[in-house]
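The next block holds one structure in the form of C-alpha coordinates; read it before the comments.
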Amino acid sequence: MIQQAFEQLGLTQRETQLYQTLLKLGPSSIRDIAEHSGINRGTAYESLKQLQSKGVVSYFPKGKRRFFTAENPDILLNLAEEKRNRLDKTIENLKNTIIPGLHQQQPEYHHTNVRYYEGDDGIEWVLRDILNVVSQQDHKEYCVFSSKPIRPFLYRPFPNYTKQRVKLGINVKVIALGDGGEDAELSERKWIKTEGSVDASYIAIYPPKCAIISLASNNFPSAVVLESQDIAKAQQIIFDTLWKML
(Lines give C-alpha, C1' and ligand atoms only; values in the text may rest on other atoms or scores of the structure.)
Protein backbone atom coordinates (compact mmCIF):
# COMPACT_ATOMS: atom_id res chain seq x y z
CA MET A 1 0.00 0.00 0.00
CA ILE A 2 2.80 2.42 0.97
CA GLN A 3 4.86 1.64 -2.12
CA GLN A 4 1.82 2.04 -4.36
CA ALA A 5 1.22 5.50 -2.92
CA PHE A 6 4.85 6.48 -3.47
CA GLU A 7 4.72 5.17 -7.04
CA GLN A 8 1.68 7.38 -7.68
CA LEU A 9 3.89 10.30 -6.64
CA GLY A 10 6.57 9.24 -9.10
CA LEU A 11 9.00 7.63 -6.63
CA THR A 12 10.62 4.28 -7.43
CA GLN A 13 10.92 1.47 -4.92
CA ARG A 14 14.62 2.32 -4.38
CA GLU A 15 13.84 6.01 -3.88
CA THR A 16 11.13 5.12 -1.38
CA GLN A 17 13.56 2.92 0.52
CA LEU A 18 16.15 5.69 0.65
CA TYR A 19 13.62 8.28 1.81
CA GLN A 20 12.43 6.05 4.65
CA THR A 21 16.04 5.30 5.61
CA LEU A 22 16.81 9.01 5.82
CA LEU A 23 13.72 9.64 7.95
CA LYS A 24 15.04 7.13 10.48
CA LEU A 25 18.67 8.30 10.35
CA GLY A 26 18.26 12.05 10.20
CA PRO A 27 20.97 14.07 8.40
CA SER A 28 23.47 11.53 7.11
CA SER A 29 26.44 11.06 4.81
CA ILE A 30 26.23 8.98 1.68
CA ARG A 31 28.31 6.30 3.38
CA ASP A 32 25.85 5.91 6.28
CA ILE A 33 22.86 6.00 3.95
CA ALA A 34 24.31 3.27 1.74
CA GLU A 35 25.21 1.13 4.75
CA HIS A 36 21.76 1.30 6.39
CA SER A 37 19.74 0.98 3.17
CA GLY A 38 21.78 -1.85 1.68
CA ILE A 39 22.18 0.08 -1.57
CA ASN A 40 25.66 0.66 -2.95
CA ARG A 41 27.01 4.21 -2.71
CA GLY A 42 27.00 4.99 -6.43
CA THR A 43 23.39 3.90 -6.94
CA ALA A 44 22.28 5.56 -3.71
CA TYR A 45 23.89 8.85 -4.69
CA GLU A 46 22.15 8.91 -8.09
CA SER A 47 18.80 8.09 -6.49
CA LEU A 48 19.31 10.81 -3.86
CA LYS A 49 19.85 13.33 -6.64
CA GLN A 50 16.52 12.26 -8.13
CA LEU A 51 14.84 12.62 -4.74
CA GLN A 52 16.34 16.08 -4.39
CA SER A 53 14.94 17.11 -7.78
CA LYS A 54 11.51 15.88 -6.64
CA GLY A 55 11.72 17.97 -3.50
CA VAL A 56 11.61 15.22 -0.89
CA VAL A 57 15.34 15.23 0.01
CA SER A 58 17.79 18.08 0.52
CA TYR A 59 21.47 18.28 1.44
CA PHE A 60 23.91 20.63 3.11
CA PRO A 61 27.74 20.72 3.04
CA LYS A 62 29.65 19.75 6.14
CA GLY A 63 33.35 20.13 5.62
CA LYS A 64 34.20 18.32 2.42
CA ARG A 65 31.17 16.05 2.58
CA ARG A 66 27.49 16.36 1.77
CA PHE A 67 24.90 15.41 4.34
CA PHE A 68 21.45 14.46 3.08
CA THR A 69 18.23 14.89 5.00
CA ALA A 70 14.63 13.84 4.34
CA GLU A 71 12.02 16.55 4.11
CA ASN A 72 9.03 16.45 6.45
CA PRO A 73 6.57 13.73 5.33
CA ASP A 74 3.91 16.44 4.89
CA ILE A 75 5.72 17.28 1.65
CA LEU A 76 4.22 14.10 0.18
CA LEU A 77 0.72 15.52 0.47
CA ASN A 78 1.88 18.69 -1.29
CA LEU A 79 3.28 16.56 -4.10
CA ALA A 80 0.00 14.67 -4.39
CA GLU A 81 -2.01 17.90 -4.54
CA GLU A 82 0.31 19.34 -7.17
CA LYS A 83 -0.02 16.16 -9.19
CA ARG A 84 -3.81 16.28 -8.88
CA ASN A 85 -3.89 19.92 -10.00
CA ARG A 86 -1.75 19.10 -13.03
CA LEU A 87 -4.00 16.15 -13.84
CA ASP A 88 -7.13 18.33 -13.55
CA LYS A 89 -5.59 20.81 -15.99
CA THR A 90 -4.67 17.98 -18.34
CA ILE A 91 -8.23 16.66 -18.26
CA GLU A 92 -9.59 20.12 -19.08
CA ASN A 93 -7.13 20.46 -21.96
CA LEU A 94 -8.14 17.03 -23.25
CA LYS A 95 -11.84 17.91 -23.13
CA ASN A 96 -11.66 21.42 -24.52
CA THR A 97 -8.68 21.43 -26.88
CA ILE A 98 -6.80 18.21 -27.51
CA ILE A 99 -9.64 15.75 -28.19
CA PRO A 100 -11.67 18.17 -30.36
CA GLY A 101 -8.47 18.85 -32.31
CA LEU A 102 -7.81 15.14 -32.79
CA HIS A 103 -11.39 14.61 -33.98
CA GLN A 104 -10.82 17.26 -36.66
CA GLN A 105 -7.83 15.27 -37.91
CA GLN A 106 -9.98 12.22 -38.58
CA PRO A 107 -11.12 11.63 -42.18
CA GLU A 108 -14.63 12.66 -43.11
CA TYR A 109 -15.87 9.18 -44.00
CA HIS A 110 -17.83 7.22 -41.40
CA HIS A 111 -16.39 3.88 -40.42
CA THR A 112 -18.06 1.00 -38.59
CA ASN A 113 -16.67 -0.58 -35.45
CA VAL A 114 -17.76 -4.18 -35.03
CA ARG A 115 -17.41 -6.05 -31.74
CA TYR A 116 -18.34 -9.64 -30.90
CA TYR A 117 -19.46 -10.99 -27.52
CA GLU A 118 -20.31 -14.47 -26.33
CA GLY A 119 -21.88 -16.12 -23.32
CA ASP A 120 -23.81 -14.60 -20.45
CA ASP A 121 -20.93 -12.24 -19.61
CA GLY A 122 -20.97 -10.90 -23.16
CA ILE A 123 -24.72 -10.37 -23.14
CA GLU A 124 -24.51 -8.56 -19.82
CA TRP A 125 -21.85 -6.26 -21.28
CA VAL A 126 -24.14 -5.41 -24.21
CA LEU A 127 -27.11 -4.71 -21.93
CA ARG A 128 -24.98 -2.45 -19.73
CA ASP A 129 -23.67 -0.70 -22.84
CA ILE A 130 -27.25 0.07 -23.90
CA LEU A 131 -27.97 1.66 -20.52
CA ASN A 132 -24.69 3.57 -20.50
CA VAL A 133 -25.07 5.01 -24.01
CA VAL A 134 -28.77 5.90 -23.78
CA SER A 135 -28.54 7.38 -20.27
CA GLN A 136 -26.11 10.01 -21.56
CA GLN A 137 -28.42 11.21 -24.33
CA ASP A 138 -30.92 14.04 -24.08
CA HIS A 139 -33.74 11.86 -25.42
CA LYS A 140 -33.39 8.73 -23.30
CA GLU A 141 -35.02 6.15 -25.53
CA TYR A 142 -34.02 3.14 -27.62
CA CYS A 143 -35.89 0.69 -29.84
CA VAL A 144 -35.97 -3.10 -30.00
CA PHE A 145 -37.02 -5.93 -32.27
CA SER A 146 -37.46 -9.02 -30.11
CA SER A 147 -38.67 -12.57 -30.75
CA LYS A 148 -40.28 -14.84 -28.18
CA PRO A 149 -37.59 -17.59 -28.02
CA ILE A 150 -34.84 -15.12 -26.95
CA ARG A 151 -36.69 -13.74 -23.94
CA PRO A 152 -35.94 -16.47 -21.34
CA PHE A 153 -32.20 -16.08 -21.99
CA LEU A 154 -31.83 -12.35 -22.59
CA TYR A 155 -31.89 -11.05 -19.02
CA ARG A 156 -30.52 -14.18 -17.38
CA PRO A 157 -27.12 -12.55 -16.70
CA PHE A 158 -28.69 -9.20 -15.73
CA PRO A 159 -32.00 -9.98 -13.97
CA ASN A 160 -32.53 -6.45 -12.63
CA TYR A 161 -31.96 -4.84 -16.05
CA THR A 162 -35.49 -3.43 -16.29
CA LYS A 163 -35.28 -1.91 -12.81
CA GLN A 164 -31.98 -0.26 -13.74
CA ARG A 165 -33.46 1.04 -17.00
CA VAL A 166 -36.46 2.56 -15.20
CA LYS A 167 -34.22 4.03 -12.50
CA LEU A 168 -32.23 5.81 -15.21
CA GLY A 169 -35.42 7.15 -16.79
CA ILE A 170 -34.88 5.31 -20.08
CA ASN A 171 -37.84 4.59 -22.36
CA VAL A 172 -37.97 1.63 -24.73
CA LYS A 173 -40.17 0.84 -27.70
CA VAL A 174 -40.47 -2.85 -28.56
CA ILE A 175 -41.75 -4.52 -31.70
CA ALA A 176 -42.33 -8.11 -30.63
CA LEU A 177 -42.15 -10.90 -33.18
CA GLY A 178 -44.78 -13.37 -32.06
CA ASP A 179 -46.86 -13.50 -28.92
CA GLY A 180 -45.72 -12.79 -25.39
CA GLY A 181 -43.66 -10.18 -23.73
CA GLU A 182 -44.45 -8.32 -20.55
CA ASP A 183 -45.44 -4.69 -20.25
CA ALA A 184 -43.11 -2.70 -18.02
CA GLU A 185 -42.76 0.86 -16.81
CA LEU A 186 -41.42 3.36 -19.37
CA SER A 187 -42.01 0.92 -22.23
CA GLU A 188 -44.32 0.63 -25.23
CA ARG A 189 -44.90 -2.59 -27.12
CA LYS A 190 -46.46 -3.56 -30.44
CA TRP A 191 -46.70 -7.00 -32.01
CA ILE A 192 -46.16 -8.58 -35.40
CA LYS A 193 -48.08 -11.80 -35.84
CA THR A 194 -46.01 -14.66 -37.17
CA GLU A 195 -46.80 -18.04 -38.63
CA GLY A 196 -44.77 -21.03 -37.54
CA SER A 197 -41.64 -20.95 -35.41
CA VAL A 198 -39.42 -17.87 -35.13
CA ASP A 199 -35.69 -17.94 -34.49
CA ALA A 200 -34.37 -16.41 -31.30
CA SER A 201 -33.26 -12.87 -32.02
CA TYR A 202 -33.01 -9.46 -30.39
CA ILE A 203 -32.01 -6.24 -32.14
CA ALA A 204 -31.49 -3.08 -30.10
CA ILE A 205 -31.16 0.28 -31.85
CA TYR A 206 -29.44 2.86 -29.67
CA PRO A 207 -27.63 5.34 -31.92
CA PRO A 208 -24.82 5.42 -32.72
CA LYS A 209 -24.97 1.66 -32.08
CA CYS A 210 -26.99 -1.40 -32.95
CA ALA A 211 -26.75 -4.68 -31.05
CA ILE A 212 -27.82 -8.05 -32.45
CA ILE A 213 -28.23 -10.93 -30.00
CA SER A 214 -29.02 -14.51 -31.00
CA LEU A 215 -28.74 -18.07 -29.69
CA ALA A 216 -26.40 -20.70 -31.07
CA SER A 217 -26.56 -24.43 -30.34
CA ASN A 218 -27.46 -25.42 -26.78
CA ASN A 219 -28.94 -21.95 -26.29
CA PHE A 220 -25.49 -20.37 -26.13
CA PRO A 221 -25.95 -16.58 -26.54
CA SER A 222 -23.80 -14.42 -28.78
CA ALA A 223 -23.93 -10.78 -29.80
CA VAL A 224 -22.60 -8.38 -32.40
CA VAL A 225 -22.43 -4.64 -31.70
CA LEU A 226 -22.15 -2.29 -34.68
CA GLU A 227 -21.08 1.27 -33.98
CA SER A 228 -22.06 3.38 -36.99
CA GLN A 229 -24.23 6.47 -37.21
CA ASP A 230 -25.27 5.54 -40.74
CA ILE A 231 -26.34 1.99 -39.89
CA ALA A 232 -28.08 3.05 -36.68
CA LYS A 233 -29.94 5.81 -38.53
CA ALA A 234 -31.11 3.40 -41.25
CA GLN A 235 -32.32 0.89 -38.67
CA GLN A 236 -34.10 3.66 -36.78
CA ILE A 237 -35.94 4.73 -39.93
CA ILE A 238 -37.05 1.13 -40.56
CA PHE A 239 -38.24 0.77 -36.97
CA ASP A 240 -40.11 4.10 -36.92
CA THR A 241 -41.84 3.38 -40.22
CA LEU A 242 -42.96 -0.07 -39.10
CA TRP A 243 -44.04 1.26 -35.70
CA LYS A 244 -46.41 3.74 -37.35
CA MET A 245 -47.93 0.98 -39.48
CA LEU A 246 -48.72 -1.34 -36.58
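Just so we're on the same page: first chain in the C-alpha coordinates is A, next is B, and so on; residues restart at 1 for each chain, and ligands are numbered from 1 in the order they show up.
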
Original post:
region 116-127 of chain A: which residues within 7 Å, counting only C-alpha atoms, same-chain residues fewer than 5 positions away excluded, as a ChimeraX atom specification?
Top reply: /A:157-158,220-225

Original post:
Which of region 72-237 of chain A counts as alpha helix (DSSP H) under DSSP, as number ranges by chain please?
Top reply: A: 74-93, 99-105, 119-135, 151-154, 161-167, 229-237

**OP:** Might you pull out every residue within 12 Å of Glu185 (chain A), with only C-alpha atoms counted and same-chain residues fewer than 2 positions away left off, and present them as a ChimeraX atom specification?
**Re:** /A:162-173,182-183,187-189

Excluding Glu7 (chain A) and residues on its chain fewer than 3 positions from it, collect all residues at most 12 Å away from it, counting only C-alpha atoms, and give them as a short mmCIF file (atom, residue, chain, number, x, y, z; two decimals) with N, CA and C atoms, in the first residue's frame.
data_model
loop_
_atom_site.label_atom_id
_atom_site.label_comp_id
_atom_site.auth_asym_id
_atom_site.auth_seq_id
_atom_site.Cartn_x
_atom_site.Cartn_y
_atom_site.Cartn_z
N MET A 1 0.83 -1.20 0.00
CA MET A 1 0.00 0.00 0.00
C MET A 1 0.87 1.26 0.00
N ILE A 2 1.92 1.26 0.90
CA ILE A 2 2.80 2.42 0.97
C ILE A 2 3.54 2.62 -0.34
N GLN A 3 4.10 1.53 -0.89
CA GLN A 3 4.86 1.64 -2.12
C GLN A 3 3.99 2.11 -3.27
N GLN A 4 2.74 1.62 -3.30
CA GLN A 4 1.82 2.04 -4.36
C GLN A 4 1.57 3.55 -4.29
N GLY A 10 5.44 9.25 -8.19
CA GLY A 10 6.57 9.24 -9.10
C GLY A 10 7.87 8.78 -8.47
N LEU A 11 7.81 8.13 -7.30
CA LEU A 11 9.00 7.63 -6.63
C LEU A 11 9.15 6.13 -6.87
N THR A 12 10.36 5.70 -7.22
CA THR A 12 10.62 4.28 -7.43
C THR A 12 10.74 3.57 -6.09
N GLN A 13 10.78 2.25 -6.14
CA GLN A 13 10.92 1.47 -4.92
C GLN A 13 12.24 1.81 -4.22
N ARG A 14 13.32 1.98 -4.98
CA ARG A 14 14.62 2.32 -4.38
C ARG A 14 14.57 3.71 -3.74
N GLU A 15 13.94 4.65 -4.43
CA GLU A 15 13.84 6.01 -3.88
C GLU A 15 13.01 6.02 -2.61
N THR A 16 11.94 5.22 -2.58
CA THR A 16 11.13 5.12 -1.38
C THR A 16 11.93 4.56 -0.22
N GLN A 17 12.73 3.53 -0.51
CA GLN A 17 13.56 2.92 0.52
C GLN A 17 14.57 3.93 1.08
N LEU A 76 4.83 15.09 1.09
CA LEU A 76 4.22 14.10 0.18
C LEU A 76 2.80 14.51 -0.20
N LEU A 79 3.00 17.15 -2.79
CA LEU A 79 3.28 16.56 -4.10
C LEU A 79 2.03 15.96 -4.72
N ALA A 80 1.23 15.29 -3.89
CA ALA A 80 0.00 14.67 -4.39
C ALA A 80 -0.98 15.73 -4.89
#

Original post:
Quick one: residues within 12 Å of Leu18 (chain A), only C-alpha atoms counted, chain neighbours fewer than 3 positions away excluded, as a PyMOL selection string?
Top reply: chain A and resi 11-15+21-26+28+30+32-41+43-52+56-57+68-70

**OP:** Could you pull out the residues in region 43-136 of chain A that DSSP calls strand (DSSP E or B) from the backbone, as number ranges by chain?
**Re:** A: 57-62, 65-70, 113-118

Keeping only N, CA, C and O atoms, take the residues you just selected and write them out as a PDB file, in the first residue's frame.
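The resulting file, result_25.pdb, is reproduced below:
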ATOM      1  N   VAL A  57      14.034  15.354  -0.662  1.00  0.00           N
ATOM      2  CA  VAL A  57      15.335  15.235   0.009  1.00  0.00           C
ATOM      3  C   VAL A  57      16.137  16.503  -0.271  1.00  0.00           C
ATOM      4  O   VAL A  57      16.058  17.065  -1.368  1.00  0.00           O
ATOM      5  N   SER A  58      16.878  16.951   0.714  1.00  0.00           N
ATOM      6  CA  SER A  58      17.793  18.080   0.522  1.00  0.00           C
ATOM      7  C   SER A  58      19.147  17.716   1.118  1.00  0.00           C
ATOM      8  O   SER A  58      19.287  16.666   1.777  1.00  0.00           O
ATOM      9  N   TYR A  59      20.150  18.561   0.868  1.00  0.00           N
ATOM     10  CA  TYR A  59      21.467  18.283   1.441  1.00  0.00           C
ATOM     11  C   TYR A  59      22.110  19.601   1.870  1.00  0.00           C
ATOM     12  O   TYR A  59      21.705  20.688   1.458  1.00  0.00           O
ATOM     13  N   PHE A  60      23.135  19.455   2.706  1.00  0.00           N
ATOM     14  CA  PHE A  60      23.912  20.628   3.105  1.00  0.00           C
ATOM     15  C   PHE A  60      25.373  20.191   3.248  1.00  0.00           C
ATOM     16  O   PHE A  60      25.657  19.035   3.590  1.00  0.00           O
ATOM     17  N   PRO A  61      26.320  21.077   2.934  1.00  0.00           N
ATOM     18  CA  PRO A  61      27.738  20.721   3.042  1.00  0.00           C
ATOM     19  C   PRO A  61      28.201  20.753   4.497  1.00  0.00           C
ATOM     20  O   PRO A  61      27.778  21.593   5.287  1.00  0.00           O
ATOM     21  N   LYS A  62      29.045  19.801   4.819  1.00  0.00           N
ATOM     22  CA  LYS A  62      29.655  19.750   6.143  1.00  0.00           C
ATOM     23  C   LYS A  62      31.108  19.363   5.954  1.00  0.00           C
ATOM     24  O   LYS A  62      31.426  18.182   5.761  1.00  0.00           O
ATOM     25  N   ARG A  65      32.188  17.047   2.883  1.00  0.00           N
ATOM     26  CA  ARG A  65      31.166  16.050   2.578  1.00  0.00           C
ATOM     27  C   ARG A  65      29.770  16.681   2.502  1.00  0.00           C
ATOM     28  O   ARG A  65      29.535  17.753   3.049  1.00  0.00           O
ATOM     29  N   ARG A  66      28.893  15.962   1.836  1.00  0.00           N
ATOM     30  CA  ARG A  66      27.488  16.361   1.774  1.00  0.00           C
ATOM     31  C   ARG A  66      26.688  15.490   2.740  1.00  0.00           C
ATOM     32  O   ARG A  66      26.858  14.273   2.777  1.00  0.00           O
ATOM     33  N   PHE A  67      25.807  16.128   3.460  1.00  0.00           N
ATOM     34  CA  PHE A  67      24.900  15.407   4.337  1.00  0.00           C
ATOM     35  C   PHE A  67      23.478  15.582   3.802  1.00  0.00           C
ATOM     36  O   PHE A  67      23.024  16.696   3.552  1.00  0.00           O
ATOM     37  N   PHE A  68      22.818  14.462   3.621  1.00  0.00           N
ATOM     38  CA  PHE A  68      21.454  14.464   3.080  1.00  0.00           C
ATOM     39  C   PHE A  68      20.452  14.357   4.214  1.00  0.00           C
ATOM     40  O   PHE A  68      20.705  13.711   5.242  1.00  0.00           O
ATOM     41  N   THR A  69      19.288  14.956   3.995  1.00  0.00           N
ATOM     42  CA  THR A  69      18.226  14.895   4.996  1.00  0.00           C
ATOM     43  C   THR A  69      16.869  14.766   4.301  1.00  0.00           C
ATOM     44  O   THR A  69      16.667  15.330   3.212  1.00  0.00           O
ATOM     45  N   ALA A  70      15.977  14.016   4.907  1.00  0.00           N
ATOM     46  CA  ALA A  70      14.628  13.840   4.344  1.00  0.00           C
ATOM     47  C   ALA A  70      13.742  15.010   4.741  1.00  0.00           C
ATOM     48  O   ALA A  70      13.778  15.470   5.881  1.00  0.00           O
ATOM     49  N   ASN A 113     -17.353   0.289 -36.399  1.00  0.00           N
ATOM     50  CA  ASN A 113     -16.668  -0.579 -35.446  1.00  0.00           C
ATOM     51  C   ASN A 113     -17.562  -1.772 -35.162  1.00  0.00           C
ATOM     52  O   ASN A 113     -18.754  -1.612 -34.866  1.00  0.00           O
ATOM     53  N   VAL A 114     -17.002  -2.954 -35.256  1.00  0.00           N
ATOM     54  CA  VAL A 114     -17.761  -4.181 -35.032  1.00  0.00           C
ATOM     55  C   VAL A 114     -17.111  -4.944 -33.883  1.00  0.00           C
ATOM     56  O   VAL A 114     -15.907  -5.194 -33.894  1.00  0.00           O
ATOM     57  N   ARG A 115     -17.913  -5.297 -32.891  1.00  0.00           N
ATOM     58  CA  ARG A 115     -17.411  -6.053 -31.743  1.00  0.00           C
ATOM     59  C   ARG A 115     -18.290  -7.280 -31.512  1.00  0.00           C
ATOM     60  O   ARG A 115     -19.507  -7.209 -31.668  1.00  0.00           O
ATOM     61  N   TYR A 116     -17.643  -8.379 -31.119  1.00  0.00           N
ATOM     62  CA  TYR A 116     -18.343  -9.644 -30.896  1.00  0.00           C
ATOM     63  C   TYR A 116     -18.288 -10.020 -29.420  1.00  0.00           C
ATOM     64  O   TYR A 116     -17.255  -9.847 -28.766  1.00  0.00           O
ATOM     65  N   TYR A 117     -19.388 -10.566 -28.916  1.00  0.00           N
ATOM     66  CA  TYR A 117     -19.457 -10.985 -27.522  1.00  0.00           C
ATOM     67  C   TYR A 117     -20.153 -12.335 -27.444  1.00  0.00           C
ATOM     68  O   TYR A 117     -21.056 -12.625 -28.238  1.00  0.00           O
ATOM     69  N   GLU A 118     -19.735 -13.141 -26.470  1.00  0.00           N
ATOM     70  CA  GLU A 118     -20.312 -14.474 -26.330  1.00  0.00           C
ATOM     71  C   GLU A 118     -20.604 -14.771 -24.867  1.00  0.00           C
ATOM     72  O   GLU A 118     -19.980 -14.219 -23.963  1.00  0.00           O
TER      73      GLU A 118
END

Original post:
How many Å separate CA of Gly42 (chain A) from CA of Glu71 (chain A)?
Top reply: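 Computing it gives 21.7 Å between the two atoms.
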
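CA of Glu195 (chain A) is found 19.7 Å from CA of Trp243 (chain A).
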
Subject >> Proximity to Gln229 (chain A) - best of A:Ser201, A:Lys190, A:Thr112, A:Ser135, only C-alpha atoms >> reply: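 Smallest distance to Gln229 (chain A) is found for A:Thr112.
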
Original post:
Could you name the residues that touch Arg84 (chain A) at 12 Å or less, counting only C-alpha atoms, but leaving out those on the same chain fewer than 6 positions away, as a PyMOL selection string?
Top reply: chain A and resi 8-9+77-78+90-91

For the selection you just gave me, I'd like the residues written to a file as a JSON list (two decimals), in the first residue's frame, keeping all heavy atoms.
[["chain", "number", "residue", "atom", "x", "y", "z"],
["A", 8, "GLN", "N", 2.60, 6.40, -7.12],
["A", 8, "GLN", "CA", 1.68, 7.38, -7.68],
["A", 8, "GLN", "C", 2.28, 8.78, -7.65],
["A", 8, "GLN", "O", 1.93, 9.63, -8.47],
["A", 8, "GLN", "CB", 0.37, 7.37, -6.89],
["A", 8, "GLN", "CG", -0.46, 6.12, -7.08],
["A", 8, "GLN", "CD", -1.02, 5.99, -8.48],
["A", 8, "GLN", "OE1", -1.35, 6.98, -9.11],
["A", 8, "GLN", "NE2", -1.11, 4.77, -8.98],
["A", 9, "LEU", "N", 3.21, 9.00, -6.73],
["A", 9, "LEU", "CA", 3.89, 10.30, -6.64],
["A", 9, "LEU", "C", 5.13, 10.36, -7.52],
["A", 9, "LEU", "O", 5.80, 11.40, -7.55],
["A", 9, "LEU", "CB", 4.28, 10.59, -5.18],
["A", 9, "LEU", "CG", 3.12, 10.73, -4.19],
["A", 9, "LEU", "CD1", 3.66, 10.93, -2.78],
["A", 9, "LEU", "CD2", 2.21, 11.89, -4.58],
["A", 77, "LEU", "N", 2.08, 15.06, 0.76],
["A", 77, "LEU", "CA", 0.72, 15.52, 0.47],
["A", 77, "LEU", "C", 0.76, 16.69, -0.51],
["A", 77, "LEU", "O", -0.08, 16.79, -1.41],
["A", 77, "LEU", "CB", 0.02, 15.93, 1.76],
["A", 77, "LEU", "CG", -1.45, 16.36, 1.61],
["A", 77, "LEU", "CD1", -2.29, 15.26, 0.99],
["A", 77, "LEU", "CD2", -2.02, 16.77, 2.98],
["A", 78, "ASN", "N", 1.74, 17.58, -0.34],
["A", 78, "ASN", "CA", 1.88, 18.69, -1.29],
["A", 78, "ASN", "C", 2.15, 18.18, -2.70],
["A", 78, "ASN", "O", 1.60, 18.70, -3.67],
["A", 78, "ASN", "CB", 3.02, 19.61, -0.84],
["A", 78, "ASN", "CG", 2.72, 20.33, 0.46],
["A", 78, "ASN", "OD1", 1.57, 20.47, 0.84],
["A", 78, "ASN", "ND2", 3.76, 20.77, 1.15],
["A", 90, "THR", "N", -4.81, 18.84, -17.17],
["A", 90, "THR", "CA", -4.67, 17.98, -18.34],
["A", 90, "THR", "C", -6.02, 17.50, -18.83],
["A", 90, "THR", "O", -6.29, 17.46, -20.04],
["A", 90, "THR", "CB", -3.77, 16.78, -18.01],
["A", 90, "THR", "OG1", -2.47, 17.25, -17.62],
["A", 90, "THR", "CG2", -3.62, 15.86, -19.22],
["A", 91, "ILE", "N", -6.89, 17.12, -17.89],
["A", 91, "ILE", "CA", -8.23, 16.66, -18.26],
["A", 91, "ILE", "C", -9.00, 17.77, -18.96],
["A", 91, "ILE", "O", -9.68, 17.54, -19.98],
["A", 91, "ILE", "CB", -8.99, 16.17, -17.01],
["A", 91, "ILE", "CG1", -8.36, 14.88, -16.48],
["A", 91, "ILE", "CG2", -10.47, 15.95, -17.33],
["A", 91, "ILE", "CD1", -8.93, 14.41, -15.16]]
